[in-house]
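Asks: Dropping in input39.cif, which is mmCIF, C-alpha atoms:
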data_entry
loop_
_atom_site.group_PDB
_atom_site.id
_atom_site.type_symbol
_atom_site.label_atom_id
_atom_site.label_comp_id
_atom_site.auth_asym_id
_atom_site.auth_seq_id
_atom_site.Cartn_x
_atom_site.Cartn_y
_atom_site.Cartn_z
ATOM 1 C CA MET A 1 0.000 0.000 0.000
ATOM 2 C CA ASP A 2 1.535 3.348 -1.006
ATOM 3 C CA ARG A 3 1.557 6.406 1.213
ATOM 4 C CA ALA A 4 -1.491 8.033 -0.379
ATOM 5 C CA ALA A 5 -3.506 4.806 -0.113
ATOM 6 C CA ALA A 6 -2.416 4.339 3.495
ATOM 7 C CA ARG A 7 -3.545 7.865 4.310
ATOM 8 C CA ALA A 8 -6.824 7.284 2.509
ATOM 9 C CA ALA A 9 -7.468 4.124 4.511
ATOM 10 C CA MET A 10 -6.770 5.865 7.830
ATOM 11 C CA PRO A 11 -9.717 5.555 10.208
ATOM 12 C CA ARG A 12 -11.437 8.900 10.686
ATOM 13 C CA GLN A 13 -14.144 10.291 12.839
ATOM 14 C CA LEU A 14 -16.600 13.046 12.170
ATOM 15 C CA THR A 15 -17.287 15.253 15.199
ATOM 16 C CA PRO A 16 -19.929 17.987 15.139
ATOM 17 C CA VAL A 17 -18.819 21.366 16.470
ATOM 18 C CA GLY A 18 -21.076 23.773 18.354
ATOM 19 C CA ARG A 19 -22.043 27.284 17.305
ATOM 20 C CA GLU A 20 -19.320 29.101 19.274
ATOM 21 C CA GLU A 21 -16.514 26.855 18.046
ATOM 22 C CA ALA A 22 -17.894 26.926 14.498
ATOM 23 C CA LEU A 23 -17.880 30.751 14.449
ATOM 24 C CA ARG A 24 -14.339 30.749 15.860
ATOM 25 C CA LEU A 25 -13.227 28.433 13.025
ATOM 26 C CA LEU A 26 -15.013 30.628 10.469
ATOM 27 C CA GLY A 27 -13.212 33.688 11.834
ATOM 28 C CA SER A 28 -9.841 31.937 11.593
ATOM 29 C CA VAL A 29 -9.916 32.090 7.765
ATOM 30 C CA SER A 30 -10.770 34.851 5.295
ATOM 31 C CA LEU A 31 -12.048 32.793 2.347
ATOM 32 C CA GLY A 32 -15.429 31.146 2.078
ATOM 33 C CA ARG A 33 -18.339 30.598 -0.265
ATOM 34 C CA ILE A 34 -21.695 32.317 -0.294
ATOM 35 C CA VAL A 35 -24.607 30.124 -1.354
ATOM 36 C CA PHE A 36 -27.794 31.715 -2.577
ATOM 37 C CA THR A 37 -30.773 31.176 -4.819
ATOM 38 C CA HIS A 38 -30.566 32.956 -8.146
ATOM 39 C CA GLN A 39 -33.405 32.750 -10.643
ATOM 40 C CA ALA A 40 -34.764 29.762 -8.697
ATOM 41 C CA LEU A 41 -31.458 27.881 -9.035
ATOM 42 C CA PRO A 42 -28.820 27.124 -6.393
ATOM 43 C CA ALA A 43 -25.781 29.369 -6.856
ATOM 44 C CA ILE A 44 -22.414 29.742 -5.155
ATOM 45 C CA ARG A 45 -19.501 32.181 -5.291
ATOM 46 C CA PRO A 46 -16.161 32.159 -3.500
ATOM 47 C CA VAL A 47 -15.727 35.409 -1.565
ATOM 48 C CA ASN A 48 -13.798 36.752 1.368
ATOM 49 C CA HIS A 49 -15.243 37.512 4.740
ATOM 50 C CA MET A 50 -14.663 38.846 8.216
ATOM 51 C CA LEU A 51 -16.602 38.325 11.423
ATOM 52 C CA ASP A 52 -18.259 41.365 12.971
ATOM 53 C CA GLY A 53 -19.505 40.040 16.296
ATOM 54 C CA GLU A 54 -21.543 37.000 15.245
ATOM 55 C CA ASP A 55 -22.292 38.459 11.824
ATOM 56 C CA ILE A 56 -20.412 37.435 8.716
ATOM 57 C CA VAL A 57 -19.512 40.383 6.526
ATOM 58 C CA VAL A 58 -18.802 39.399 2.933
ATOM 59 C CA ARG A 59 -17.213 41.472 0.208
ATOM 60 C CA VAL A 60 -18.956 41.077 -3.144
ATOM 61 C CA GLN A 61 -17.366 42.296 -6.325
ATOM 62 C CA GLU A 62 -20.337 43.384 -8.392
ATOM 63 C CA GLY A 63 -23.634 45.089 -7.840
ATOM 64 C CA ALA A 64 -25.381 42.333 -9.828
ATOM 65 C CA LEU A 65 -24.101 39.703 -7.399
ATOM 66 C CA LEU A 66 -25.097 41.903 -4.459
ATOM 67 C CA THR A 67 -28.646 42.077 -5.787
ATOM 68 C CA ALA A 68 -28.696 38.328 -6.423
ATOM 69 C CA VAL A 69 -27.393 37.538 -2.938
ATOM 70 C CA ALA A 70 -29.186 40.039 -0.751
ATOM 71 C CA GLY A 71 -32.345 40.419 -2.800
ATOM 72 C CA ALA A 72 -32.150 44.234 -2.949
ATOM 73 C CA THR A 73 -35.865 44.448 -3.689
ATOM 74 C CA THR A 74 -36.855 43.034 -0.289
ATOM 75 C CA ALA A 75 -36.009 45.026 2.824
ATOM 76 C CA SER A 76 -35.643 41.883 4.928
ATOM 77 C CA GLY A 77 -32.953 40.427 2.663
ATOM 78 C CA ALA A 78 -32.713 36.847 1.468
ATOM 79 C CA VAL A 79 -31.668 33.632 3.181
ATOM 80 C CA VAL A 80 -28.186 32.464 2.234
ATOM 81 C CA ALA A 81 -25.753 29.836 3.444
ATOM 82 C CA TYR A 82 -22.114 30.676 4.049
ATOM 83 C CA GLU A 83 -19.503 27.935 4.042
ATOM 84 C CA ALA A 84 -15.827 27.889 4.903
ATOM 85 C CA ASP A 85 -13.560 24.906 5.306
ATOM 86 C CA VAL A 86 -9.966 23.856 5.729
ATOM 87 C CA ILE A 87 -9.734 20.291 4.437
ATOM 88 C CA ASP A 88 -6.501 18.537 3.564
ATOM 89 C CA PRO A 89 -6.758 17.471 -0.105
ATOM 90 C CA GLU A 90 -4.822 14.273 0.625
ATOM 91 C CA THR A 91 -6.119 13.012 3.965
ATOM 92 C CA HIS A 92 -9.473 14.864 3.917
ATOM 93 C CA LEU A 93 -8.873 15.742 7.563
ATOM 94 C CA GLY A 94 -10.006 19.191 8.636
ATOM 95 C CA TRP A 95 -13.187 21.095 9.302
ATOM 96 C CA SER A 96 -16.159 22.672 7.573
ATOM 97 C CA VAL A 97 -18.633 25.218 8.881
ATOM 98 C CA VAL A 98 -21.962 26.289 7.385
ATOM 99 C CA ALA A 99 -23.872 29.330 8.636
ATOM 100 C CA THR A 100 -27.410 29.987 7.392
ATOM 101 C CA GLY A 101 -29.274 33.249 7.818
ATOM 102 C CA TYR A 102 -30.525 36.460 6.248
ATOM 103 C CA ALA A 103 -28.149 38.450 4.043
ATOM 104 C CA ARG A 104 -28.620 42.201 3.773
ATOM 105 C CA ALA A 105 -26.679 44.664 1.647
ATOM 106 C CA ILE A 106 -24.600 47.128 3.652
ATOM 107 C CA THR A 107 -25.756 50.492 2.345
ATOM 108 C CA ASP A 108 -24.647 52.858 5.101
ATOM 109 C CA GLY A 109 -21.536 54.735 3.915
ATOM 110 C CA ASP A 110 -19.784 54.789 7.303
ATOM 111 C CA GLU A 111 -20.381 51.085 7.886
ATOM 112 C CA LEU A 112 -19.206 50.258 4.363
ATOM 113 C CA ALA A 113 -16.029 52.286 4.928
ATOM 114 C CA ARG A 114 -15.379 50.546 8.260
ATOM 115 C CA VAL A 115 -15.732 47.013 6.875
ATOM 116 C CA GLY A 116 -14.048 48.001 3.605
ATOM 117 C CA VAL A 117 -10.661 48.513 5.206
ATOM 118 C CA LEU A 118 -10.872 45.129 6.947
ATOM 119 C CA LEU A 119 -11.979 43.127 3.919
ATOM 120 C CA ARG A 120 -9.374 42.527 1.290
ATOM 121 C CA PRO A 121 -10.604 42.908 -2.308
ATOM 122 C CA TRP A 122 -10.056 40.019 -4.719
ATOM 123 C CA VAL A 123 -9.210 42.212 -7.658
ATOM 124 C CA SER A 124 -7.477 45.271 -6.290
ATOM 125 C CA ASP A 125 -8.908 47.982 -8.532
ATOM 126 C CA THR A 126 -12.518 46.847 -8.567
ATOM 127 C CA MET A 127 -15.139 48.752 -6.611
ATOM 128 C CA THR A 128 -16.891 46.418 -4.200
ATOM 129 C CA CYS A 129 -20.057 46.091 -2.210
ATOM 130 C CA ALA A 130 -20.609 44.272 1.072
ATOM 131 C CA VAL A 131 -23.271 42.023 2.539
ATOM 132 C CA ARG A 132 -23.972 41.260 6.195
ATOM 133 C CA VAL A 133 -25.135 37.736 7.004
ATOM 134 C CA SER A 134 -26.778 37.261 10.419
ATOM 135 C CA PRO A 135 -26.541 33.519 11.004
ATOM 136 C CA ASP A 136 -29.561 31.867 12.578
ATOM 137 C CA LEU A 137 -28.139 28.380 12.277
ATOM 138 C CA VAL A 138 -24.434 27.545 12.502
ATOM 139 C CA THR A 139 -23.289 23.966 12.084
ATOM 140 C CA GLY A 140 -19.953 22.379 11.465
ATOM 141 C CA PHE A 141 -17.830 19.301 11.781
ATOM 142 C CA ARG A 142 -14.258 18.273 12.281
ATOM 143 C CA LEU A 143 -12.876 15.218 10.549
ATOM 144 C CA THR A 144 -10.014 13.851 12.622
ATOM 145 C CA ALA A 145 -7.842 10.752 12.561
ATOM 146 C CA ARG A 146 -9.187 8.083 14.900
ATOM 147 C CA PRO A 147 -6.667 6.311 17.101
ATOM 148 C CA VAL A 148 -6.242 2.725 15.859
ATOM 149 C CA THR A 149 -7.273 0.202 18.519
ATOM 150 C CA LEU A 150 -5.095 -2.889 18.489
ATOM 151 C CA PRO A 151 -6.947 -6.217 18.783
ATOM 152 C CA MET B 1 4.459 47.451 4.085
ATOM 153 C CA ASP B 2 4.894 43.903 5.380
ATOM 154 C CA ARG B 3 4.961 40.842 3.170
ATOM 155 C CA ALA B 4 1.297 39.946 3.651
ATOM 156 C CA ALA B 5 0.187 43.510 2.892
ATOM 157 C CA ALA B 6 2.441 43.625 -0.174
ATOM 158 C CA ARG B 7 0.910 40.377 -1.435
ATOM 159 C CA ALA B 8 -2.571 41.678 -0.739
ATOM 160 C CA ALA B 9 -1.876 44.844 -2.724
ATOM 161 C CA MET B 10 -0.555 42.870 -5.733
ATOM 162 C CA PRO B 11 -2.510 43.719 -8.894
ATOM 163 C CA ARG B 12 -4.645 40.786 -9.987
ATOM 164 C CA GLN B 13 -6.776 39.920 -12.911
ATOM 165 C CA LEU B 14 -9.859 37.759 -13.123
ATOM 166 C CA THR B 15 -10.016 35.644 -16.288
ATOM 167 C CA PRO B 16 -13.061 33.517 -17.143
ATOM 168 C CA VAL B 17 -12.331 29.931 -18.163
ATOM 169 C CA GLY B 18 -14.327 27.999 -20.735
ATOM 170 C CA ARG B 19 -16.281 24.795 -20.148
ATOM 171 C CA GLU B 20 -13.540 22.393 -21.236
ATOM 172 C CA GLU B 21 -10.842 24.051 -19.139
ATOM 173 C CA ALA B 22 -13.237 24.387 -16.189
ATOM 174 C CA LEU B 23 -14.031 20.648 -16.266
ATOM 175 C CA ARG B 24 -10.307 19.868 -16.504
ATOM 176 C CA LEU B 25 -9.656 21.983 -13.396
ATOM 177 C CA LEU B 26 -12.568 20.295 -11.595
ATOM 178 C CA GLY B 27 -11.118 16.891 -12.454
ATOM 179 C CA SER B 28 -7.701 17.904 -11.102
ATOM 180 C CA VAL B 29 -8.975 17.899 -7.499
ATOM 181 C CA SER B 30 -11.117 15.472 -5.503
ATOM 182 C CA LEU B 31 -12.772 17.839 -3.047
ATOM 183 C CA GLY B 32 -15.664 20.164 -3.768
ATOM 184 C CA ARG B 33 -18.971 21.390 -2.420
ATOM 185 C CA ILE B 34 -22.448 20.402 -3.492
ATOM 186 C CA VAL B 35 -25.033 23.181 -3.317
ATOM 187 C CA PHE B 36 -28.703 22.335 -3.207
ATOM 188 C CA THR B 37 -32.049 23.557 -1.975
ATOM 189 C CA HIS B 38 -33.261 21.892 1.189
ATOM 190 C CA GLN B 39 -36.642 22.754 2.687
ATOM 191 C CA ALA B 40 -36.651 25.878 0.494
ATOM 192 C CA LEU B 41 -33.307 27.060 1.922
ATOM 193 C CA PRO B 42 -29.893 27.159 0.257
ATOM 194 C CA ALA B 43 -27.675 24.349 1.583
ATOM 195 C CA ILE B 44 -24.088 23.227 0.995
ATOM 196 C CA ARG B 45 -21.942 20.250 1.948
ATOM 197 C CA PRO B 46 -18.287 19.522 1.266
ATOM 198 C CA VAL B 47 -17.960 16.185 -0.545
ATOM 199 C CA ASN B 48 -15.526 14.369 -2.780
ATOM 200 C CA HIS B 49 -15.992 13.822 -6.454
ATOM 201 C CA MET B 50 -14.662 12.268 -9.638
ATOM 202 C CA LEU B 51 -15.356 13.080 -13.255
ATOM 203 C CA ASP B 52 -17.049 10.399 -15.339
ATOM 204 C CA GLY B 53 -16.896 11.840 -18.830
ATOM 205 C CA GLU B 54 -18.478 15.259 -18.370
ATOM 206 C CA ASP B 55 -20.535 14.114 -15.393
ATOM 207 C CA ILE B 56 -19.531 14.843 -11.829
ATOM 208 C CA VAL B 57 -19.994 11.830 -9.573
ATOM 209 C CA VAL B 58 -20.238 12.758 -5.904
ATOM 210 C CA ARG B 59 -20.049 10.500 -2.889
ATOM 211 C CA VAL B 60 -22.622 11.353 -0.245
ATOM 212 C CA GLN B 61 -22.392 9.928 3.244
ATOM 213 C CA GLU B 62 -26.009 9.566 4.239
ATOM 214 C CA GLY B 63 -29.262 8.559 2.625
ATOM 215 C CA ALA B 64 -30.913 11.681 4.072
ATOM 216 C CA LEU B 65 -28.439 13.909 2.251
ATOM 217 C CA LEU B 66 -28.912 11.864 -0.926
ATOM 218 C CA THR B 67 -32.643 12.482 -0.771
ATOM 219 C CA ALA B 68 -32.109 16.171 -0.055
ATOM 220 C CA VAL B 69 -29.656 16.561 -2.929
ATOM 221 C CA ALA B 70 -31.145 14.415 -5.641
ATOM 222 C CA GLY B 71 -34.802 14.756 -4.693
ATOM 223 C CA ALA B 72 -35.444 11.007 -4.643
ATOM 224 C CA THR B 73 -39.147 11.583 -5.097
ATOM 225 C CA THR B 74 -38.727 13.053 -8.583
ATOM 226 C CA ALA B 75 -37.410 10.861 -11.347
ATOM 227 C CA SER B 76 -35.743 13.777 -13.109
ATOM 228 C CA GLY B 77 -33.659 14.710 -10.080
ATOM 229 C CA ALA B 78 -33.072 18.202 -8.735
ATOM 230 C CA VAL B 79 -30.907 21.060 -9.939
ATOM 231 C CA VAL B 80 -27.725 21.523 -7.915
ATOM 232 C CA ALA B 81 -24.557 23.540 -8.216
ATOM 233 C CA TYR B 82 -21.161 21.953 -7.697
ATOM 234 C CA GLU B 83 -18.175 24.076 -6.782
ATOM 235 C CA ALA B 84 -14.481 23.343 -6.461
ATOM 236 C CA ASP B 85 -11.642 25.758 -6.047
ATOM 237 C CA VAL B 86 -7.956 26.030 -5.305
ATOM 238 C CA ILE B 87 -7.400 29.512 -3.894
ATOM 239 C CA ASP B 88 -4.304 30.591 -1.997
ATOM 240 C CA PRO B 89 -5.431 31.802 1.436
ATOM 241 C CA GLU B 90 -2.756 34.500 1.465
ATOM 242 C CA THR B 91 -2.674 35.880 -2.083
ATOM 243 C CA HIS B 92 -6.186 34.777 -3.145
ATOM 244 C CA LEU B 93 -4.672 33.674 -6.451
ATOM 245 C CA GLY B 94 -6.103 30.506 -7.936
ATOM 246 C CA TRP B 95 -9.254 29.286 -9.615
ATOM 247 C CA SER B 96 -12.885 28.414 -8.928
ATOM 248 C CA VAL B 97 -15.302 26.384 -11.031
ATOM 249 C CA VAL B 98 -19.079 26.083 -10.658
ATOM 250 C CA ALA B 99 -21.095 23.466 -12.545
ATOM 251 C CA THR B 100 -24.889 23.605 -12.476
ATOM 252 C CA GLY B 101 -27.163 20.786 -13.562
ATOM 253 C CA TYR B 102 -29.480 17.960 -12.586
ATOM 254 C CA ALA B 103 -28.382 15.591 -9.827
ATOM 255 C CA ARG B 104 -29.673 12.050 -9.850
ATOM 256 C CA ALA B 105 -29.057 9.288 -7.302
ATOM 257 C CA ILE B 106 -27.009 6.376 -8.654
ATOM 258 C CA THR B 107 -29.174 3.370 -7.887
ATOM 259 C CA ASP B 108 -27.768 0.736 -10.242
ATOM 260 C CA GLY B 109 -25.645 -1.691 -8.200
ATOM 261 C CA ASP B 110 -22.976 -2.219 -10.889
ATOM 262 C CA GLU B 111 -22.595 1.507 -11.498
ATOM 263 C CA LEU B 112 -22.438 2.183 -7.752
ATOM 264 C CA ALA B 113 -19.724 -0.468 -7.359
ATOM 265 C CA ARG B 114 -17.733 0.989 -10.280
ATOM 266 C CA VAL B 115 -17.761 4.551 -8.956
ATOM 267 C CA GLY B 116 -17.422 3.356 -5.357
ATOM 268 C CA VAL B 117 -13.876 2.110 -5.863
ATOM 269 C CA LEU B 118 -12.850 5.401 -7.465
ATOM 270 C CA LEU B 119 -14.403 7.678 -4.867
ATOM 271 C CA ARG B 120 -12.649 7.814 -1.539
ATOM 272 C CA PRO B 121 -14.980 7.804 1.463
ATOM 273 C CA TRP B 122 -14.625 10.587 4.028
ATOM 274 C CA VAL B 123 -15.183 8.368 7.014
ATOM 275 C CA SER B 124 -13.801 4.987 6.123
ATOM 276 C CA ASP B 125 -16.361 2.692 7.711
ATOM 277 C CA THR B 126 -19.500 4.544 6.674
ATOM 278 C CA MET B 127 -21.752 3.153 3.983
ATOM 279 C CA THR B 128 -22.144 5.717 1.226
ATOM 280 C CA CYS B 129 -24.410 6.651 -1.634
ATOM 281 C CA ALA B 130 -23.530 8.440 -4.856
ATOM 282 C CA VAL B 131 -25.065 11.139 -7.004
ATOM 283 C CA ARG B 132 -24.430 11.913 -10.672
ATOM 284 C CA VAL B 133 -24.523 15.568 -11.677
ATOM 285 C CA SER B 134 -24.883 16.267 -15.407
ATOM 286 C CA PRO B 135 -23.698 19.849 -15.765
ATOM 287 C CA ASP B 136 -25.680 22.040 -18.140
ATOM 288 C CA LEU B 137 -23.734 25.163 -17.299
ATOM 289 C CA VAL B 138 -20.050 25.197 -16.345
ATOM 290 C CA THR B 139 -18.377 28.477 -15.472
ATOM 291 C CA GLY B 140 -15.128 29.365 -13.805
ATOM 292 C CA PHE B 141 -12.419 31.919 -13.342
ATOM 293 C CA ARG B 142 -8.740 32.173 -12.667
ATOM 294 C CA LEU B 143 -7.347 34.922 -10.514
ATOM 295 C CA THR B 144 -3.777 35.589 -11.526
ATOM 296 C CA ALA B 145 -1.134 38.174 -10.701
ATOM 297 C CA ARG B 146 -1.094 40.975 -13.246
ATOM 298 C CA PRO B 147 2.290 42.115 -14.505
ATOM 299 C CA VAL B 148 3.054 45.547 -13.083
ATOM 300 C CA THR B 149 3.460 48.137 -15.834
ATOM 301 C CA LEU B 150 6.157 50.682 -15.062
ATOM 302 C CA PRO B 151 5.263 54.297 -15.819
#
Spell out the structure here as structure tokens.

Replies:
Amino acid sequence: MDRAAARAAMPRQLTPVGREEALRLLGSVSLGRIVFTHQALPAIRPVNHMLDGEDIVVRVQEGALLTAVAGATTASGAVVAYEADVIDPETHLGWSVVATGYARAITDGDELARVGVLLRPWVSDTMTCAVRVSPDLVTGFRLTARPVTLP
Amino acid sequence: MDRAAARAAMPRQLTPVGREEALRLLGSVSLGRIVFTHQALPAIRPVNHMLDGEDIVVRVQEGALLTAVAGATTASGAVVAYEADVIDPETHLGWSVVATGYARAITDGDELARVGVLLRPWVSDTMTCAVRVSPDLVTGFRLTARPVTLP
């Protein structure tokens, strides 16, 4: 058995993580994916984020995406899921967190300026917009190596 | 300016990739995220995949997820999005691909056995199910460093 196959065959265990730990994991990275419904179809975009208290603030590149994500026509916003993970491509060990809640466009100039300096743009010279996601449900798991029990 | 800030300020360019190149990129990794609608809400799960021709075959851990993803009650399946990316957490350079299409549960025993040996399970001792996604729409982008033009 080669090294990759041995790693693949390694016993693993999936452990759920609670809300607090899941948000801490989410805040430990700056890349994630926003999942939304666009023209009645499931849609996803990689974006970068920061945590602002328990809210996830996401930088979106284009106004069209902002409208698609936050449903600019409805004051209450639209429900989205936000996912981030750190998973080893070889062993598949790591974690994944999904937060689900309402997304609202950040329209206040002062607030946009405050989050703008903390959120790094993907393409440096592109004007960006931001969305605030207030997560109602936060779930996550860790996939860890399980100690091998000898017979 | 420290190294991280210098990297962050690096000029970048976003280049769309065509269907063929996007599928090639998708096939170059084994981890991705399946995006579906569950109880009228956007949902996402990290999974592993393989390409079977132009189809994306995804291993799902639980029957409940299979039903949620592929809509077992409808013969035609359900529309899902499938995303994979390789993005540098520091520079944000890399690529992302999203494929959208119908997902159908793989129910044929021979087909399940054939894809089962090629798809690595996440948790080694868990019985798994598989879903075939036939992508109608495949989009993607590369984010690359842009050569700096001297004045």

Asks: Separation of CA of Gly94 in chain A and CA of Ala81 in chain B, in Å?

Replies: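 Straight-line distance from CA of Gly94 in chain A to CA of Ala81 in chain B works out to 22.7 Å.
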
Asks: Can you pull out the residues contacting range 40-54 of chain B? Cut-off 6 Å, using all atoms listed in the file, and skip same-chain residues under 4 positions away; I want them as a list in words.

Replies: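 Contacts, in chain order: Phe36, Val80 and Ala81 of chain A; Gly27, Ser30, Leu31, Gly32, Arg33, Ile34, Val35, Phe36, Val58 and Arg59 of chain B.
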
Asks: A:Val57, A:Pro135, A:Gly140, A:Gly101: which is nearest Arg114 in chain A, counting all atoms listed in the file?

Replies: A:Val57

Asks: Would you please work out which residue, of A:Ser134, A:Thr67, A:Thr15, A:Ser96, is nearest to chain B when using all atoms listed in the file?

Replies: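 Between A:Ser134, A:Thr67, A:Thr15, A:Ser96, the residue approaching chain B most closely is A:Ser96.
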
Asks: So which one's closest to Val86 in chain A, A:Val115, A:Ala145, A:Val29, A:Leu14? Using all atoms listed in the file, please.

Replies: A:Val29

Asks: May I ask for the distance between CA of Ala68 in chain A and CA of Arg132 in chain A, given in Å to one decimal place?

Replies: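 Distance between the two atoms: 13.8 Å.
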
Asks: What is the CA of Leu118 in chain B to CA of Ala130 in chain B distance in Å?

Replies: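 So the two atoms, CA of Leu118 in chain B and CA of Ala130 in chain B, lie 11.4 Å apart.
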